[in-house]
Structures are given as structure tokens and as C-alpha cells.
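**Q** CSV, C-alpha atoms and all ligand atoms, saved as structure_10.csv, coming up:
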```csv
chain,number,residue,atom,x,y,z
G,1,MET,CA,27.2,-1.0,-5.3
G,2,LYS,CA,25.7,-3.1,-8.2
G,3,LEU,CA,26.6,-2.0,-11.8
G,4,PRO,CA,23.6,-0.3,-13.4
G,5,ARG,CA,23.6,-2.9,-16.3
G,6,ARG,CA,23.2,-5.7,-13.8
G,7,PHE,CA,20.3,-4.2,-11.9
G,8,PHE,CA,17.7,-5.8,-14.0
G,9,GLN,CA,19.4,-9.2,-14.4
G,10,PRO,CA,17.6,-12.2,-12.7
G,11,LEU,CA,19.3,-13.2,-9.4
G,12,ALA,CA,19.0,-16.9,-10.1
G,13,THR,CA,19.3,-19.0,-13.3
G,14,GLY,CA,15.8,-19.7,-14.5
G,15,ALA,CA,14.1,-17.0,-12.5
G,16,PRO,CA,12.0,-14.5,-14.5
G,17,ALA,CA,13.5,-11.2,-15.5
G,18,PRO,CA,12.4,-8.4,-13.2
G,19,PHE,CA,9.8,-5.9,-14.5
G,20,ARG,CA,11.3,-2.8,-16.0
G,21,GLU,CA,8.2,-0.8,-15.2
G,22,LEU,CA,5.6,-1.6,-12.4
G,23,PRO,CA,2.4,-3.1,-13.7
G,24,VAL,CA,-0.3,-0.4,-13.7
G,25,ARG,CA,-2.9,-1.4,-11.2
G,26,LEU,CA,-5.6,0.3,-9.2
G,27,GLU,CA,-4.8,-0.5,-5.5
G,28,ARG,CA,-7.0,1.7,-3.4
G,29,MET,CA,-7.0,-0.8,-0.6
G,30,ILE,CA,-4.9,-3.7,0.5
G,31,HIS,CA,-7.5,-5.8,2.3
G,32,PHE,CA,-6.1,-7.9,5.2
G,33,VAL,CA,-7.5,-11.4,5.7
G,34,PRO,CA,-6.5,-13.7,8.6
G,35,PRO,CA,-6.1,-16.9,6.6
G,36,HIS,CA,-6.2,-19.2,9.8
G,37,ASN,CA,-9.8,-18.0,10.3
G,38,ASP,CA,-12.0,-20.4,8.3
G,39,LYS,CA,-15.1,-18.1,8.5
G,40,VAL,CA,-13.3,-15.1,7.1
G,41,ARG,CA,-11.4,-17.2,4.5
G,42,ALA,CA,-14.8,-18.5,3.3
G,43,ARG,CA,-15.7,-14.9,2.4
G,44,VAL,CA,-12.6,-14.4,0.2
G,45,PRO,CA,-14.2,-15.3,-3.2
G,46,GLU,CA,-16.9,-12.6,-2.6
G,47,LEU,CA,-14.3,-10.2,-1.3
G,48,ALA,CA,-12.2,-10.6,-4.4
G,49,THR,CA,-15.0,-9.0,-6.4
G,50,GLN,CA,-15.1,-6.0,-4.0
G,51,VAL,CA,-11.5,-5.0,-3.2
G,52,ASP,CA,-8.5,-4.2,-5.3
G,53,VAL,CA,-6.0,-6.4,-3.3
G,54,VAL,CA,-6.6,-9.3,-1.0
G,55,LEU,CA,-3.7,-9.9,1.4
G,56,GLY,CA,-3.3,-13.1,3.4
G,57,ASN,CA,-1.6,-12.0,6.6
G,58,LEU,CA,0.8,-14.4,8.2
G,59,GLU,CA,2.6,-11.9,10.6
G,60,ASP,CA,1.3,-9.9,13.6
G,61,ALA,CA,-2.3,-10.6,14.6
G,62,VAL,CA,-1.8,-14.3,13.9
G,63,PRO,CA,-1.2,-16.1,17.1
G,64,ALA,CA,2.1,-18.0,17.3
G,65,ASP,CA,0.3,-21.4,17.5
G,66,GLN,CA,-1.7,-20.6,14.4
G,67,LYS,CA,1.2,-19.6,12.1
G,68,LEU,CA,1.2,-22.9,10.2
G,69,ALA,CA,-2.6,-22.9,9.9
G,70,ALA,CA,-2.4,-19.3,8.5
G,71,ARG,CA,0.2,-20.4,5.9
G,72,LYS,CA,-1.8,-23.4,4.8
G,73,GLY,CA,-5.0,-21.3,4.8
G,74,PHE,CA,-3.3,-18.8,2.5
G,75,ILE,CA,-2.2,-21.5,0.1
G,76,ALA,CA,-5.8,-22.8,0.1
G,77,MET,CA,-7.3,-19.4,-0.5
G,78,ALA,CA,-4.8,-18.6,-3.3
G,79,ARG,CA,-5.9,-21.8,-5.1
G,80,ALA,CA,-9.6,-21.5,-4.5
G,81,THR,CA,-10.1,-18.1,-6.3
G,82,ASP,CA,-8.9,-16.9,-9.7
G,83,PHE,CA,-7.8,-13.5,-8.5
G,84,ALA,CA,-6.2,-12.6,-11.8
G,85,ALA,CA,-9.4,-13.2,-13.7
G,86,ALA,CA,-11.2,-10.9,-11.1
G,87,GLY,CA,-8.6,-8.2,-11.7
G,88,THR,CA,-7.7,-8.4,-8.0
G,89,GLY,CA,-4.2,-8.5,-6.6
G,90,LEU,CA,-3.1,-11.4,-4.4
G,91,TRP,CA,-0.6,-10.5,-1.8
G,92,THR,CA,0.8,-12.1,1.4
G,93,ARG,CA,2.5,-10.5,4.4
G,94,ILE,CA,5.2,-12.9,5.5
G,95,ASN,CA,6.6,-13.1,9.0
G,96,ALA,CA,9.6,-11.0,10.0
G,97,LEU,CA,13.0,-11.9,8.7
G,98,ASN,CA,14.3,-12.7,12.2
G,99,SER,CA,11.3,-15.0,13.0
G,100,PRO,CA,11.3,-18.8,12.9
G,101,TRP,CA,8.6,-18.9,10.2
G,102,ILE,CA,9.9,-16.7,7.4
G,103,LEU,CA,11.9,-19.4,5.5
G,104,ASP,CA,9.0,-21.8,5.4
G,105,ASP,CA,6.6,-19.0,4.6
G,106,LEU,CA,8.5,-18.1,1.4
G,107,PHE,CA,9.5,-21.7,0.5
G,108,GLU,CA,6.0,-23.2,0.8
G,109,ILE,CA,4.1,-20.3,-0.7
G,110,VAL,CA,6.3,-19.7,-3.7
G,111,THR,CA,6.5,-23.5,-4.3
G,112,GLU,CA,2.7,-24.1,-4.0
G,113,VAL,CA,1.2,-20.9,-5.4
G,114,GLY,CA,4.0,-18.7,-6.6
G,115,ASP,CA,2.5,-18.3,-10.1
G,116,ARG,CA,-0.7,-16.8,-8.5
G,117,LEU,CA,1.1,-14.4,-6.1
G,118,ASP,CA,1.6,-10.7,-7.1
G,119,VAL,CA,3.3,-9.2,-4.1
G,120,VAL,CA,5.1,-10.3,-0.9
G,121,MET,CA,4.8,-7.7,1.9
G,122,VAL,CA,7.9,-7.7,4.1
G,123,PRO,CA,7.5,-6.4,7.7
G,124,LYS,CA,9.9,-4.4,9.8
G,125,VAL,CA,12.3,-3.6,6.9
G,126,GLU,CA,15.4,-1.9,8.4
G,127,GLY,CA,17.5,-1.2,5.3
G,128,PRO,CA,18.2,-2.3,1.8
G,129,TRP,CA,20.0,-5.5,3.1
G,130,ASP,CA,16.6,-6.9,4.1
G,131,ILE,CA,15.3,-6.3,0.5
G,132,HIS,CA,18.4,-7.9,-1.0
G,133,TYR,CA,17.9,-11.0,1.1
G,134,VAL,CA,14.3,-11.5,0.1
G,135,ASP,CA,15.1,-10.6,-3.5
G,136,GLN,CA,17.7,-13.3,-3.8
G,137,LEU,CA,15.6,-15.9,-2.0
G,138,LEU,CA,12.6,-15.2,-4.2
G,139,ALA,CA,14.7,-15.5,-7.3
G,140,GLN,CA,15.9,-19.0,-6.2
G,141,LEU,CA,12.5,-20.1,-5.3
G,142,GLU,CA,10.9,-18.7,-8.5
G,143,ALA,CA,13.5,-20.6,-10.5
G,144,ARG,CA,13.0,-23.8,-8.5
G,145,ALA,CA,9.2,-23.6,-8.9
G,146,GLY,CA,9.2,-22.5,-12.5
G,147,VAL,CA,7.4,-19.3,-11.7
G,148,THR,CA,7.3,-17.1,-14.9
G,149,LYS,CA,6.0,-13.8,-13.6
G,150,PRO,CA,8.3,-12.0,-11.1
G,151,ILE,CA,6.9,-11.6,-7.6
G,152,LEU,CA,7.1,-8.1,-6.3
G,153,VAL,CA,8.2,-6.9,-2.9
G,154,HIS,CA,6.4,-4.3,-0.7
G,155,ALA,CA,8.2,-3.0,2.5
G,156,ILE,CA,6.5,-1.9,5.7
G,157,LEU,CA,8.1,1.2,7.0
G,158,GLU,CA,7.7,0.6,10.7
G,159,THR,CA,11.0,1.0,12.5
G,160,ALA,CA,13.1,4.1,13.2
G,161,GLU,CA,16.0,2.5,11.4
G,162,GLY,CA,13.8,1.8,8.4
G,163,VAL,CA,12.7,5.4,8.2
G,164,ALA,CA,16.3,6.5,8.4
G,165,ASN,CA,17.1,4.3,5.4
G,166,VAL,CA,13.8,4.9,3.5
G,167,ASP,CA,15.5,6.1,0.3
G,168,ALA,CA,17.9,3.2,0.1
G,169,ILE,CA,15.0,0.7,0.7
G,170,ALA,CA,13.0,2.3,-2.1
G,171,CYS,CA,15.7,1.6,-4.7
G,172,ALA,CA,17.1,-1.6,-3.3
G,173,SER,CA,15.7,-3.9,-6.1
G,174,PRO,CA,13.6,-3.8,-9.3
G,175,ARG,CA,11.2,-6.0,-7.4
G,176,MET,CA,10.1,-3.1,-5.2
G,177,HIS,CA,6.4,-2.4,-5.6
G,178,GLY,CA,6.1,0.1,-2.8
G,179,MET,CA,5.9,0.8,0.9
G,180,SER,CA,3.3,1.1,3.6
G,181,LEU,CA,3.4,3.1,6.8
G,182,GLY,CA,3.2,0.7,9.9
G,183,PRO,CA,2.2,3.2,12.5
G,184,ALA,CA,1.9,0.8,15.4
G,185,ASP,CA,5.3,-0.8,15.2
G,186,LEU,CA,6.8,2.5,14.3
G,187,ALA,CA,5.3,4.2,17.3
G,188,ALA,CA,6.9,1.5,19.5
G,189,SER,CA,10.2,1.6,17.8
G,190,ARG,CA,10.4,5.3,18.2
G,191,GLY,CA,9.3,5.4,21.8
G,192,MET,CA,6.2,7.3,20.9
G,193,LYS,CA,3.7,7.5,23.8
G,194,THR,CA,0.5,6.2,22.1
G,195,THR,CA,-1.4,2.9,22.1
G,196,ARG,CA,-3.4,3.8,19.0
G,197,VAL,CA,-3.0,2.0,15.6
G,198,GLY,CA,-2.6,5.0,13.2
G,199,GLY,CA,-4.5,8.2,13.3
G,200,GLY,CA,-4.0,11.3,15.4
G,201,HIS,CA,-3.7,11.9,19.1
G,202,PRO,CA,-5.6,14.7,21.0
G,203,ASP,CA,-2.5,15.7,22.9
G,204,TYR,CA,-0.3,16.3,19.8
G,205,ARG,CA,-1.2,19.9,19.1
G,206,VAL,CA,-0.1,23.5,19.0
G,207,ILE,CA,-1.9,26.1,21.1
G,208,ALA,CA,-2.3,29.8,20.5
G,209,ASP,CA,-0.6,32.5,22.7
G,210,PRO,CA,-2.5,33.4,25.9
G,211,SER,CA,-5.2,35.9,25.2
G,212,PRO,CA,-5.1,39.2,27.1
G,213,ASP,CA,-8.6,38.5,28.6
G,214,GLY,CA,-7.4,35.1,29.9
G,215,GLY,CA,-10.0,33.3,27.8
G,216,PRO,CA,-9.5,29.8,26.5
G,217,ARG,CA,-6.6,29.3,24.1
G,218,ALA,CA,-7.3,28.1,20.6
G,219,HIS,CA,-5.5,24.9,19.7
G,220,ALA,CA,-5.2,22.6,16.7
G,221,GLN,CA,-4.4,18.9,16.6
G,222,GLN,CA,-1.4,18.0,14.4
G,223,ASP,CA,-0.8,14.9,12.3
G,224,LEU,CA,1.6,12.6,14.0
G,225,TRP,CA,2.4,10.8,10.7
G,226,HIS,CA,2.9,13.8,8.4
G,227,TYR,CA,6.7,13.7,8.5
G,228,THR,CA,7.0,9.9,7.9
G,229,ILE,CA,4.4,9.9,5.1
G,230,ALA,CA,6.1,12.8,3.4
G,231,ARG,CA,9.5,11.0,3.5
G,232,MET,CA,7.9,7.7,2.3
G,233,VAL,CA,6.1,9.4,-0.6
G,234,ASP,CA,9.2,11.2,-1.7
G,235,ALA,CA,11.3,8.1,-1.5
G,236,CYS,CA,8.7,6.1,-3.4
G,237,GLN,CA,7.8,8.6,-6.1
G,238,ALA,CA,11.5,9.3,-6.7
G,239,ASN,CA,12.0,5.6,-7.5
G,240,GLY,CA,8.8,5.0,-9.5
G,241,ILE,CA,7.1,2.9,-6.8
G,242,LYS,CA,4.0,3.4,-4.7
G,243,ALA,CA,3.3,4.7,-1.2
G,244,PHE,CA,0.5,3.5,1.0
G,245,TYR,CA,-1.0,4.5,4.4
G,246,GLY,CA,-1.2,1.4,6.6
G,247,PRO,CA,-3.8,0.4,9.1
G,248,PHE,CA,-6.3,2.5,11.0
G,249,GLY,CA,-7.2,0.4,14.1
G,250,ASP,CA,-10.3,2.1,15.5
G,251,PHE,CA,-13.1,0.6,13.4
G,252,SER,CA,-15.6,2.5,15.4
G,253,ASP,CA,-14.3,5.9,14.2
G,254,ALA,CA,-15.0,6.1,10.5
G,255,ALA,CA,-14.7,9.9,10.4
G,256,ALA,CA,-11.1,9.8,11.8
G,257,CYS,CA,-10.2,6.9,9.5
G,258,GLU,CA,-11.5,8.8,6.5
G,259,ALA,CA,-9.6,11.9,7.5
G,260,GLN,CA,-6.3,10.0,7.9
G,261,PHE,CA,-6.8,8.2,4.6
G,262,ARG,CA,-7.6,11.5,2.9
G,263,ASN,CA,-4.5,13.2,4.2
G,264,ALA,CA,-2.5,10.3,2.8
G,265,PHE,CA,-4.3,10.4,-0.5
G,266,LEU,CA,-3.7,14.2,-0.9
G,267,MET,CA,0.0,13.7,0.1
G,268,GLY,CA,0.5,11.2,-2.7
G,269,CYS,CA,-0.4,7.8,-1.3
G,270,ALA,CA,-2.1,5.3,-3.7
G,271,GLY,CA,-4.1,3.5,-1.1
G,272,ALA,CA,-4.4,2.2,2.5
G,273,TRP,CA,-4.9,-1.1,4.4
G,274,THR,CA,-8.4,-2.2,5.2
G,275,LEU,CA,-8.6,-4.5,8.2
G,276,HIS,CA,-12.4,-4.8,8.5
G,277,PRO,CA,-15.2,-4.9,5.8
G,278,SER,CA,-16.4,-1.5,7.2
G,279,GLN,CA,-13.3,0.2,5.9
G,280,VAL,CA,-13.5,-1.0,2.3
G,281,ALA,CA,-16.1,1.6,1.1
G,282,LEU,CA,-14.2,4.3,2.9
G,283,ALA,CA,-11.0,3.5,1.1
G,284,LYS,CA,-12.9,3.2,-2.2
G,285,SER,CA,-14.3,6.7,-1.9
G,286,VAL,CA,-11.2,8.4,-0.5
G,287,PHE,CA,-8.6,6.9,-3.0
G,288,ALA,CA,-10.5,7.9,-6.1
G,289,PRO,CA,-10.5,11.6,-7.2
G,290,ASP,CA,-13.5,13.8,-6.6
G,291,PRO,CA,-15.6,14.1,-9.8
G,292,ALA,CA,-15.5,17.9,-9.7
G,293,GLU,CA,-11.7,17.8,-9.5
G,294,VAL,CA,-11.6,15.4,-12.4
G,295,ALA,CA,-13.9,17.7,-14.4
G,296,PHE,CA,-11.6,20.7,-13.8
G,297,ALA,CA,-8.5,18.6,-14.6
G,298,LEU,CA,-10.1,17.6,-17.9
G,299,ARG,CA,-10.7,21.2,-18.7
G,300,ILE,CA,-7.0,22.0,-18.0
G,301,LEU,CA,-5.9,19.2,-20.4
G,302,GLU,CA,-8.4,20.4,-23.0
G,303,ALA,CA,-7.2,24.0,-22.7
G,304,MET,CA,-3.6,23.1,-23.2
G,305,PRO,CA,-3.6,20.2,-25.7
G,306,ASP,CA,0.2,20.0,-25.9
G,307,GLY,CA,0.8,20.7,-22.2
G,308,THR,CA,2.7,23.9,-22.7
G,309,GLY,CA,2.0,27.6,-22.3
G,310,ALA,CA,-0.2,29.6,-19.8
G,311,VAL,CA,-4.0,30.0,-19.9
G,312,MET,CA,-6.6,31.2,-17.4
G,313,LEU,CA,-9.5,29.0,-16.3
G,314,ASP,CA,-12.1,30.5,-13.8
G,315,GLY,CA,-9.5,33.1,-12.8
G,316,LYS,CA,-6.8,30.5,-12.1
G,317,MET,CA,-3.5,30.4,-14.0
G,318,GLN,CA,-2.7,27.1,-15.7
G,319,ASP,CA,0.7,26.2,-17.1
G,320,ASP,CA,2.9,23.2,-17.9
G,321,ALA,CA,3.0,22.3,-14.2
G,322,THR,CA,-0.7,22.4,-13.6
G,323,TRP,CA,-1.1,20.3,-16.8
G,324,LYS,CA,1.0,17.6,-15.0
G,325,GLN,CA,-1.1,17.9,-11.9
G,326,ALA,CA,-4.2,17.5,-14.0
G,327,SER,CA,-2.7,14.5,-15.7
G,328,VAL,CA,-2.1,12.8,-12.3
G,329,ILE,CA,-5.8,13.2,-11.5
G,330,VAL,CA,-7.1,12.2,-14.9
G,331,ASN,CA,-4.8,9.2,-15.2
G,332,LEU,CA,-6.1,7.9,-11.8
G,333,ALA,CA,-9.7,8.7,-12.8
G,334,ARG,CA,-9.3,6.6,-15.9
G,335,LEU,CA,-7.9,3.7,-13.9
G,336,VAL,CA,-10.8,3.9,-11.4
G,337,ALA,CA,-13.3,4.3,-14.3
G,338,ALA,CA,-12.1,1.1,-15.9
G,339,LYS,CA,-13.1,-0.8,-12.7
G,340,ASP,CA,-16.0,1.2,-11.4
G,341,PRO,CA,-18.9,1.9,-13.8
G,342,ASP,CA,-20.7,4.4,-11.4
G,343,LEU,CA,-17.6,6.5,-11.1
G,344,ALA,CA,-16.9,6.2,-14.8
G,345,ARG,CA,-20.3,7.8,-15.4
G,346,SER,CA,-19.7,10.6,-12.8
G,347,TYR,CA,-16.3,11.3,-14.3
G,348,GLY,CA,-17.8,11.3,-17.8
G,349,LEU,CA,-15.0,8.8,-18.8
G,350,PRO,CA,-15.3,5.5,-20.6
G,351,GLY,CA,-15.7,2.6,-18.2
G,352,ALA,CA,-14.7,-1.1,-18.6
G,353,ALA,CA,-17.2,-1.7,-21.3
G,354,GLY,CA,-16.2,1.4,-23.1
G,355,GLY,CA,-19.4,3.3,-22.3
F,1,LIG,C1,-10.0,-7.6,14.2
F,1,LIG,C2,-10.9,-8.7,13.8
F,1,LIG,C3,-10.4,-10.0,14.5
F,1,LIG,C4,-12.4,-8.4,14.1
F,1,LIG,O1,-13.2,-9.5,13.7
F,1,LIG,P1,-14.6,-9.7,14.3
F,1,LIG,O2,-14.5,-9.7,15.8
F,1,LIG,O3,-15.2,-10.9,13.6
F,1,LIG,O4,-15.4,-8.3,13.9
F,1,LIG,P2,-16.9,-8.1,13.5
F,1,LIG,O5,-17.8,-8.9,14.3
F,1,LIG,O6,-17.1,-6.6,13.5
F,1,LIG,O7,-16.9,-8.6,12.0
F,1,LIG,C5,-18.1,-8.4,11.2
F,1,LIG,C6,-18.1,-9.5,10.1
F,1,LIG,O8,-17.0,-9.2,9.2
F,1,LIG,C7,-16.2,-10.3,9.2
F,1,LIG,N1,-14.8,-9.8,9.1
F,1,LIG,C8,-14.1,-9.3,10.1
F,1,LIG,N2,-12.9,-8.9,9.7
F,1,LIG,C9,-12.8,-9.2,8.4
F,1,LIG,C10,-11.8,-9.1,7.4
F,1,LIG,N3,-10.6,-8.6,7.7
F,1,LIG,N4,-12.1,-9.5,6.1
F,1,LIG,C11,-13.3,-10.1,5.8
F,1,LIG,N5,-14.3,-10.3,6.7
F,1,LIG,C12,-14.0,-9.8,8.0
F,1,LIG,C13,-16.4,-11.1,10.4
F,1,LIG,O9,-16.1,-12.5,10.2
F,1,LIG,C14,-17.9,-10.9,10.6
F,1,LIG,O10,-18.6,-11.7,9.7
F,1,LIG,P3,-20.1,-12.3,10.0
F,1,LIG,O11,-20.1,-12.8,11.4
F,1,LIG,O12,-20.4,-13.2,8.9
F,1,LIG,O13,-21.0,-11.0,9.9
F,1,LIG,C15,-10.9,-8.9,12.2
F,1,LIG,O14,-11.5,-7.8,11.6
F,1,LIG,C16,-9.5,-9.1,11.7
F,1,LIG,O15,-8.8,-10.1,11.9
F,1,LIG,N6,-9.0,-8.1,10.9
F,1,LIG,C17,-7.6,-8.2,10.4
F,1,LIG,C18,-6.6,-7.8,11.5
F,1,LIG,C19,-5.2,-7.7,11.0
F,1,LIG,O16,-4.9,-8.2,10.0
F,1,LIG,N7,-4.3,-7.1,11.8
F,1,LIG,C20,-3.0,-6.9,11.4
F,1,LIG,C21,-2.8,-5.7,10.4
F,1,LIG,S1,-2.4,-4.2,11.3
F,1,LIG,C22,-0.8,-4.4,11.8
F,1,LIG,O17,-0.3,-5.5,11.7
F,1,LIG,C23,-0.1,-3.3,12.4
F,1,LIG,C24,1.0,-2.8,11.5
F,1,LIG,O18,1.9,-3.7,11.1
F,1,LIG,C25,1.7,-1.7,12.2
F,1,LIG,O19,2.8,-1.9,12.8
F,1,LIG,O20,1.2,-0.6,12.2
F,2,MG,MG,3.6,-3.9,12.2
```
So, in terms of C-alpha cells, how does the structure I just supplied come out?
**A**
Amino acid sequence: MKLPRRFFQPLATGAPAPFRELPVRLERMIHFVPPHNDKVRARVPELATQVDVVLGNLEDAVPADQKLAARKGFIAMARATDFAAAGTGLWTRINALNSPWILDDLFEIVTEVGDRLDVVMVPKVEGPWDIHYVDQLLAQLEARAGVTKPILVHAILETAEGVANVDAIACASPRMHGMSLGPADLAASRGMKTTRVGGGHPDYRVIADPSPDGGPRAHAQQDLWHYTIARMVDACQANGIKAFYGPFGDFSDAAACEAQFRNAFLMGCAGAWTLHPSQVALAKSVFAPDPAEVAFALRILEAMPDGTGAVMLDGKMQDDATWKQASVIVNLARLVAAKDPDLARSYGLPGAAGG
């Protein structure tokens, strides 16, 4: 176990010191771009004005014979757009740690565009040892390339072993930005019997007792991912990092995607992955608080200026704890308002231009 005082020391001479606190950023969606696809890559400058995070994906969904093209494509797209000026995060998902591509992924990307990269997403993280490996390697590469801002690490929770070690992963390094649920790999790793990428399954349900008249029995579909999301959110929040829902693969079912995103939002997730342009608006609307909820939260804060005591609002008791709940909603609303003038107006909060 590392000594507490050494936790925040750089892991290589010349590497930047890790952040003490995560940068505060609005990350309603992590938008996946296949960087080997020239047509989609050409849309990135425009996308960067529409999404909170652009991620160049090098791992699954990139054919093996396109891995090098994807890496080169990512480097080109990182250079072609000033993401920082647009207020948009630039991430990459590297190949798995046991793959033949990972070493060159990190070496080439940090060397070429490390100063532009915010976060490296690491797939199939099994335990803290995987984070320690990436942490050390990133520090060496940052030092070598003269990168001055520490690159953060985001783990995908997508193996049974990873879920068993979720708490240790969350606190493995000060580089940890957060975690995403990877429902497809996790389903396979667990031996779940579904071919869907995220979302529910009609056969996963509870049914009511038989009725005396032999009529049809009521049933309700359950959420396959509730347990994992709850564990992930607790591990992340306990360590001051962020939890995300991952992909929803059925682009044709916007209602189901929205419901899954909304459950994740209510449970404490900050955002979700978007794999197709049609999912961007969905994520934007779900991962921002409802204006009516913001209005009520503002009333709570106003009624309890110092955050203590007990008051009644519309017949509902408010106290120190509901003040904290209201603060969660208002803080997020302020972050959204700073980026989205329409929502700033509907929240009655100052937007980016202060109006
Ligand atoms: C899945 C896709 C290959 C589908 O692309 P396409 O067949 O082109 O779809 P459409 O014709 O409907 O596209 C309409 C237009 O939109 C552009 N497009 C498509 N996708 C994107 C995108 N991601 N970003 C920007 N623009 C996009 C198309 O080019 C069309 O443009 P135009 O012709 O000019 O109208 C594609 O959507 C895609 O590759 N998506 C990303 C897939 C991906 O990254 N998958 C991996 C993440 S999920 C995962 O790994 C599982 C996870 O790890 C787990 O274990 O759970
Ligand atoms: Mg996966």
C-alpha cells in the first residue's frame, strides 16, 4: 500500500503533478468517433461544437486491419481541431492491455498529441493493477514528451472481475477520472444470456401471484444493470470521481435508450456514451436537470440560506439533507447553463455571457 503522502507525487521525473481535484467539466455525453472512418472524422470539427466530449475509439468496433489507421486518424483529428478552445473534451479509448496495439497506442498518441488529450479510456479493467500500469506508463510518456497537464484515466467496468474490484479501481490513482459501464463485454464475461448492447430484456421480470380467476398475471420488467450501476456510482462518488452509463446499441429505439439513460442519471451518473448522432440530443436532454426541479431546488436554497434547520415548502419538509440534494441539482444546472443558453434561460440562471 502506497504511503498517503506519496499518492500525489508524479510517477516519473519531469511528469506533471497529478490533479488534487478533478477539473469541473460538463460531460453529458462521451461521443464515440471511429477515427479510421474518413467520412465520420471529417465531421469532427462540427461535432466538437455539439458534444461535451469527443472520443476517438481505437478498441472494439475497429477492425484488426484498421487499428493503425484508427490511431493515425485519431492523431490527425486531435491536431485538426482546437477542442480546448471549443470547451470540448478530447478522449481516446485505447486497445486492451493484453492486446498487441496498446503500447504503440499510448506511445504514439502521448508523444504526438499528449498536450491536447484530456482522458485515456482503458477497456476491460480487472483491478487496480491495470490502472497502476497505465498510470506509470503515462507518467513516463508525459515526461518524455514534455506534457504539462496530467492525462486522466477512465476505466470501463466490463468484466466480472472488474466489478468485484470496483472500489479498489476507483481509488487506484489520482489520475482516475471516472468509470463507465460496458454492458456488452460485461454480459459476456458474466455469462448473461443476452445479445443486446445495454438496456433491458423482456424476459428479465417479476410476475404477480396467480389470480384466483386464472386471469393473466401482471408482470414488470426489471433493470438488468441496476446492481452494477449502483456499485459503480457508490465506488465513484466515494472517491470523488464520475460514473457514466456506457453504450446503448439499438439506435432505432430512442425511447428505450432515453429510459436507460434516465435511470442512470437519477442513480447518480454524469453522462453516457453516444455512438450515433441520433443519441446526442437524447443525452443532452436527459443529463441536464428538469427546469421544474431546478426551480424547486432554488427555492430550497433560498428558504435555507445557511443550509441548516427545517422548513416546509409546498407541504414537503426540507432540512440540511434536502439542501444538499438541492445543491447537487443547482450546481449541475449552473454547469449546463454556462454552456447552453436555452437551458440557462429556462433555469433562470446566468448563461455563458452572464445573461
Ligand atoms: C455503427 C455505425 C458504423 C453506423 O454508421 P452508419 O452505418 O454510417 O449509420 P447511419 O447511416 O445511420 O449514419 C448517419 C450519418 O451519421 C454519420 N455517423 C454515424 N455514426 C457517427 C458517429 N459515431 N459520429 C459522427 N457521425 C456518425 C454517418 O457517417 C452518416 O453520415 P451521412 O452519410 O453524412 O449522413 C457508426 O454509427 C459507428 O461507427 N458508431 C460508433 C460505434 C462504436 O464506437 N462502437 C464501440 C462502442 S460500444 C462498445 O465498444 C461496447 C462496450 O465496450 C461494451 O462492452 O459494452
Ligand atoms: Mg467493451
**Q** Any chance you could work out the axis-aligned box around ligand LIG 1 (chain F), listed atoms only, 3 Å on each side, giving centre and edge lengths in Å to one decimal, as JSON?
**A**
```
{"center_x": -9.1, "center_y": -6.9, "center_z": 10.8, "size_x": 29.8, "size_y": 18.6, "size_z": 16.0}
```
**Q** Provide the CA of Phe244 in chain G to CA of Ile75 in chain G distance in Å, to one decimal place.
**A** 25.2 Å
**Q** Could you please extract the residues within 10 Å of ligand MG 2 (chain F), counting all atoms listed in the file, and hand them back as a ChimeraX atom specification?
**A** /G:59-61,96,122-124,156-159,180-188,197,246-247
**Q** Taking into account only C-alpha atoms and all ligand atoms, which residue in the set G:Thr81, G:Gln318, G:Gln50, G:Asn263 is nearest to ligand LIG 1 (chain F)?
**A**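 Distance minimum relative to ligand LIG 1 (chain F) lands on G:Gln50.
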**Q** Do you know which residues are at most 9 Å from Glu27 in chain G counting all atoms listed in the file, after dropping those on the same chain fewer than 6 positions away, and could you put them as JSON, numbers by chain?
**A** {"G": [51, 52, 53, 88, 89, 270, 271, 272, 287]}
**Q** What does the structure give for the distance between CA of His276 in chain G and CA of Phe32 in chain G, in Å to one decimal?
**A**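 For CA of His276 in chain G relative to CA of Phe32 in chain G, the distance reads 7.8 Å.
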**Q** Which residues come within 9 Å of Phe251 in chain G, counting all atoms listed in the file, excluding same-chain residues fewer than 5 positions away, as a count of residues only?
**A** 5
**Q** So what do you get for CA of Phe74 in chain G versus CA of Pro23 in chain G, distance-wise?
**A**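 Between CA of Phe74 in chain G and CA of Pro23 in chain G the gap is 23.3 Å.
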**Q** Please provide the set of residues having any atom within 8 Å of Val44 in chain G, restricted to all atoms listed in the file, with same-chain residues fewer than 2 positions apart removed, written as a list of chain:residue names.
**A**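 These residues fall inside the cut-off: G:Val40, G:Arg41, G:Ala42, G:Glu46, G:Leu47, G:Ala48, G:Val54, G:Met77, G:Thr81.
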**Q** Could you write out that same residue set with C-alpha atoms as an mmCIF file, in the coordinates of the input?
**A**
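Wrote part36.cif, looks like this:
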```cif
data_model
loop_
_atom_site.group_PDB
_atom_site.id
_atom_site.type_symbol
_atom_site.label_atom_id
_atom_site.label_comp_id
_atom_site.auth_asym_id
_atom_site.auth_seq_id
_atom_site.Cartn_x
_atom_site.Cartn_y
_atom_site.Cartn_z
ATOM 1 C CA VAL G 40 -13.300 -15.100 7.100
ATOM 2 C CA ARG G 41 -11.400 -17.200 4.500
ATOM 3 C CA ALA G 42 -14.800 -18.500 3.300
ATOM 4 C CA GLU G 46 -16.900 -12.600 -2.600
ATOM 5 C CA LEU G 47 -14.300 -10.200 -1.300
ATOM 6 C CA ALA G 48 -12.200 -10.600 -4.400
ATOM 7 C CA VAL G 54 -6.600 -9.300 -1.000
ATOM 8 C CA MET G 77 -7.300 -19.400 -0.500
ATOM 9 C CA THR G 81 -10.100 -18.100 -6.300
#
```
**Q** Find the residues around Met312 in chain G up to 10 Å (all atoms listed in the file counted), leave out those fewer than 6 positions away in its own chain, and share them as an mmCIF file with C-alpha atoms, in the frame of the given file.
**A**
```
data_model
loop_
_atom_site.group_PDB
_atom_site.id
_atom_site.type_symbol
_atom_site.label_atom_id
_atom_site.label_comp_id
_atom_site.auth_asym_id
_atom_site.auth_seq_id
_atom_site.Cartn_x
_atom_site.Cartn_y
_atom_site.Cartn_z
ATOM 1 C CA ILE G 300 -7.000 22.000 -18.000
ATOM 2 C CA ALA G 303 -7.200 24.000 -22.700
ATOM 3 C CA GLN G 318 -2.700 27.100 -15.700
ATOM 4 C CA ASP G 319 0.700 26.200 -17.100
#
```
**Q** Quick one: everything within 9 Å of Asp250 in chain G, counting all atoms listed in the file, minus sequence neighbours fewer than 2 positions away in the same chain. Send it as a PyMOL selection string.
**A** chain G and resi 196-199+248+252-254+256-257
**Q** Looking at all atoms listed in the file, which of G:Arg144, G:Ala160, G:Val311, G:Val125 is the one that sits closest to Asn98 in chain G?
**A**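 Residue with the minimum atom-to-atom distance to Asn98 in chain G: G:Val125.
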**Q** Determine the nearest neighbour of Ile131 in chain G from the options G:Gly14, G:Gly214, G:Gly348, G:Pro174, counting all atoms listed in the file.
**A** G:Pro174
**Q** Go through G:Asp213, G:Asp306, G:Glu161, G:Asp203 one by one, measure the shortest atom-to-atom distance of each to Ser327 in chain G using only C-alpha atoms, and give the residue with the smallest value.
**A**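 Of all the options, G:Asp306 lies closest to Ser327 in chain G.
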**Q** Compare G:Ile329, G:Leu3, G:Met29, G:Ala17 by their minimum atom-to-atom distance to Trp273 in chain G, counting only C-alpha atoms, and give me the closest one.
**A**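 Of all the options, G:Met29 lies closest to Trp273 in chain G.
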**Q** Closest to Cys269 in chain G among G:Ser346, G:Arg28, G:Gly200, G:Leu301, using all atoms listed in the file?
**A**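 The answer is G:Arg28, which sits nearest to Cys269 in chain G.
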